[in-house]
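Structure first, then comments.
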Amino acid sequence: MSINRKSSIAVELANLLFDEVANFDDETVSGEGLAYYESAQVFDPVVFHNKLSARVGNYFESRQVRVEIHGKEITSFCTCEDGKQMCIHAVALLYAWVNDAADFMDLEAVLLDIGTLEKSRLMEIVKNILQKQPHLAHLFLQTEKPDWDEIDADPLI
Ligand SMILES: [Zn+2]
């Protein structure tokens with residue numbers, strides 16, 4: 001495929017450096033983020049334009065984390081108790097990005113691929129998704145187009 005899979009990723013995310021994340025770690029969680037990141041697992045990492053999301057933790061307990069970057073400003077949402085401010089899970093997600101960006105699924109590329117699928121194949125996929133995640137059914141009946149944040153914001157997922 002000739003599509004450049006990195007092209008839809010925001011410049012500030014694409015250019016984010018390890019040292020910038022380390023500074024951010026110091027400023028927000030007293031530099032404890034790196035050790036936590038090294039001991040934690042990052043499940044299902046996804047990138048979409050200027051946003052990252054994943055589950056961070058271990059097989060017994062994990063948090064749904066999202067990070068969004070606008071210029072120099074980084075904001076986050078997490079299902080942990082500290083989730084209203086920058087937490088260690090969000091910092092770990094940023095470390096995962098600067099260390100292993102290739103592990104992140106680019107949602108834009110996935111959306112482009114989906115656009116090429118046959119309707120019958122799409123129906124099959126939708127059916128499988130709804131059987132596994134029935135709470136998403138309401139999205140298919142919504143008349144207004146939900147944005148990505150809205151889909152991902154449900155902490156019960
Ligand atoms: Zn957290």
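Following the order of the structure tokens, chains are lettered A, B, ..., residues in each are numbered from 1, and ligands are numbered from 1.
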
List every residue of chain A that has an atom at most 8 Å from any atom of ligand 1, giving for each one its closest atom pair and the distance in Å to one decimal, counting only C-alpha atoms and all ligand atoms, sorted by chain and then by ascending residue number, as a tab-separated table.
residue	atom	partner	partner_atom_place_in_ligand_line	distance
A:Arg63	CA	ligand 1	1 (Zn)	6.3
A:Gln64	CA	ligand 1	1 (Zn)	7.7
A:Val65	CA	ligand 1	1 (Zn)	6.5
A:Phe77	CA	ligand 1	1 (Zn)	7.5
A:Cys78	CA	ligand 1	1 (Zn)	4.6
A:Thr79	CA	ligand 1	1 (Zn)	5.9
A:Cys80	CA	ligand 1	1 (Zn)	4.3
A:Glu81	CA	ligand 1	1 (Zn)	6.8
A:Asp82	CA	ligand 1	1 (Zn)	5.7
A:Gly83	CA	ligand 1	1 (Zn)	4.9
A:Met86	CA	ligand 1	1 (Zn)	7.4
A:Cys87	CA	ligand 1	1 (Zn)	4.6
A:Ile88	CA	ligand 1	1 (Zn)	5.7
A:His89	CA	ligand 1	1 (Zn)	4.3
A:Ala90	CA	ligand 1	1 (Zn)	6.0

- [ ] Could you give me, as number ranges by chain, each residue of range 42-78 of chain A that DSSP assigns to strand (DSSP E or B) when run on this structure's backbone?
- [x] A: 42-48, 51-57, 62-70, 73-78

Could those residues be written to a file, using C-alpha atoms, as a PDB file, in the first residue's frame?
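For reference, again.pdb as written:
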ATOM      1  CA  VAL A  42       0.616  -1.415  27.553  1.00  0.00           C
ATOM      2  CA  PHE A  43      -2.317  -3.163  25.907  1.00  0.00           C
ATOM      3  CA  ASP A  44      -3.959  -2.255  22.595  1.00  0.00           C
ATOM      4  CA  PRO A  45      -2.130   1.029  21.990  1.00  0.00           C
ATOM      5  CA  VAL A  46      -3.815   3.232  19.399  1.00  0.00           C
ATOM      6  CA  VAL A  47      -2.796   6.556  17.856  1.00  0.00           C
ATOM      7  CA  PHE A  48      -5.213   8.904  16.126  1.00  0.00           C
ATOM      8  CA  LYS A  51      -4.304  11.363  20.595  1.00  0.00           C
ATOM      9  CA  LEU A  52      -2.985   8.187  22.147  1.00  0.00           C
ATOM     10  CA  SER A  53      -4.970   5.559  23.991  1.00  0.00           C
ATOM     11  CA  ALA A  54      -4.274   2.187  25.583  1.00  0.00           C
ATOM     12  CA  ARG A  55      -4.875   0.095  28.653  1.00  0.00           C
ATOM     13  CA  VAL A  56      -1.920   0.351  31.004  1.00  0.00           C
ATOM     14  CA  GLY A  57      -1.222  -1.955  33.936  1.00  0.00           C
ATOM     15  CA  SER A  62      -5.274  -2.109  34.107  1.00  0.00           C
ATOM     16  CA  ARG A  63      -6.515   1.415  33.430  1.00  0.00           C
ATOM     17  CA  GLN A  64      -7.953   2.885  30.272  1.00  0.00           C
ATOM     18  CA  VAL A  65      -5.785   5.908  29.481  1.00  0.00           C
ATOM     19  CA  ARG A  66      -5.973   8.627  26.850  1.00  0.00           C
ATOM     20  CA  VAL A  67      -3.482  11.380  26.192  1.00  0.00           C
ATOM     21  CA  GLU A  68      -3.964  14.329  23.896  1.00  0.00           C
ATOM     22  CA  ILE A  69      -1.282  16.759  22.781  1.00  0.00           C
ATOM     23  CA  HIS A  70      -1.858  20.321  21.538  1.00  0.00           C
ATOM     24  CA  GLU A  73       0.260  21.129  26.153  1.00  0.00           C
ATOM     25  CA  ILE A  74      -0.471  17.534  27.131  1.00  0.00           C
ATOM     26  CA  THR A  75      -3.791  16.555  28.669  1.00  0.00           C
ATOM     27  CA  SER A  76      -4.954  13.149  29.789  1.00  0.00           C
ATOM     28  CA  PHE A  77      -7.890  11.099  30.950  1.00  0.00           C
ATOM     29  CA  CYS A  78      -7.529   7.908  32.939  1.00  0.00           C
TER      30      CYS A  78
END

Task: Length of the CA of Asn15 in chain A to CA of Leu107 in chain A vector [Å] - done: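 Atom-to-atom, CA of Asn15 in chain A to CA of Leu107 in chain A, that is 18.4 Å.
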
Open item on the list: Could you tell me how far CA of Leu141 in chain A sits from CA of Ser120 in chain A, in Å to one decimal place?
Closed with: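 Value for the CA of Ser120 in chain A-CA of Leu141 in chain A distance: 19.1 Å.
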
TODO: Apply DSSP to the structure's backbone, then extract all residues of chain A labelled alpha helix (DSSP H) and return them as number ranges by chain.
DONE: A: 11-14, 18-29, 33-39, 88-100, 107-114, 119-132, 148-152

Task: Long-range neighbours of Glu38 in chain A as a list in words, 10 Å cut-off, only C-alpha atoms, 6 positions minimum in chain - done: Ala92, Tyr95 and Ala96 of chain A

- [ ] Name the residues in contact with Leu16 in chain A at a cut-off of 12 Å, using only C-alpha atoms, excluding same-chain residues fewer than 5 positions from it; report them as a list in words.
- [x]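 Non-adjacent residues within range: Ile9, Ala10, Val11, Val21, Ala22, Asn23, Phe24, Asn50, Ile69, His70, Gly71, Lys72, Glu73, Ile74, Leu94, Tyr95, Ala96, Trp97, Val98, Asn99 and Ala101 of chain A.
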
With C-alpha atoms retained, export the selected residues as a compact mmCIF listing (two decimals), in the first residue's frame.
# COMPACT_ATOMS: atom_id res chain seq x y z
CA ILE A 9 -0.19 11.60 13.02
CA ALA A 10 0.11 15.08 14.54
CA VAL A 11 3.55 16.69 14.20
CA VAL A 21 8.60 12.84 28.26
CA ALA A 22 11.23 12.43 31.00
CA ASN A 23 10.89 16.16 31.88
CA PHE A 24 7.14 15.81 31.90
CA ASN A 50 -2.89 14.01 18.23
CA ILE A 69 -1.28 16.76 22.78
CA HIS A 70 -1.86 20.32 21.54
CA GLY A 71 1.37 22.15 20.84
CA LYS A 72 3.34 21.89 24.10
CA GLU A 73 0.26 21.13 26.15
CA ILE A 74 -0.47 17.53 27.13
CA LEU A 94 3.83 8.64 26.62
CA TYR A 95 6.95 6.55 27.30
CA ALA A 96 5.41 3.71 25.30
CA TRP A 97 4.86 6.11 22.41
CA VAL A 98 8.42 7.51 22.33
CA ASN A 99 9.93 4.03 22.77
CA ALA A 101 5.59 4.04 18.29

- [ ] Identify which of the residues A:Ala40, A:Glu12, A:His49, A:Leu111 lies closest to Glu61 in chain A, counting only C-alpha atoms when measuring atom-to-atom distances.
- [x] A:Ala40

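Separating CA of Glu20 in chain A from CA of Ala102 in chain A is a distance of 18.9 Å.
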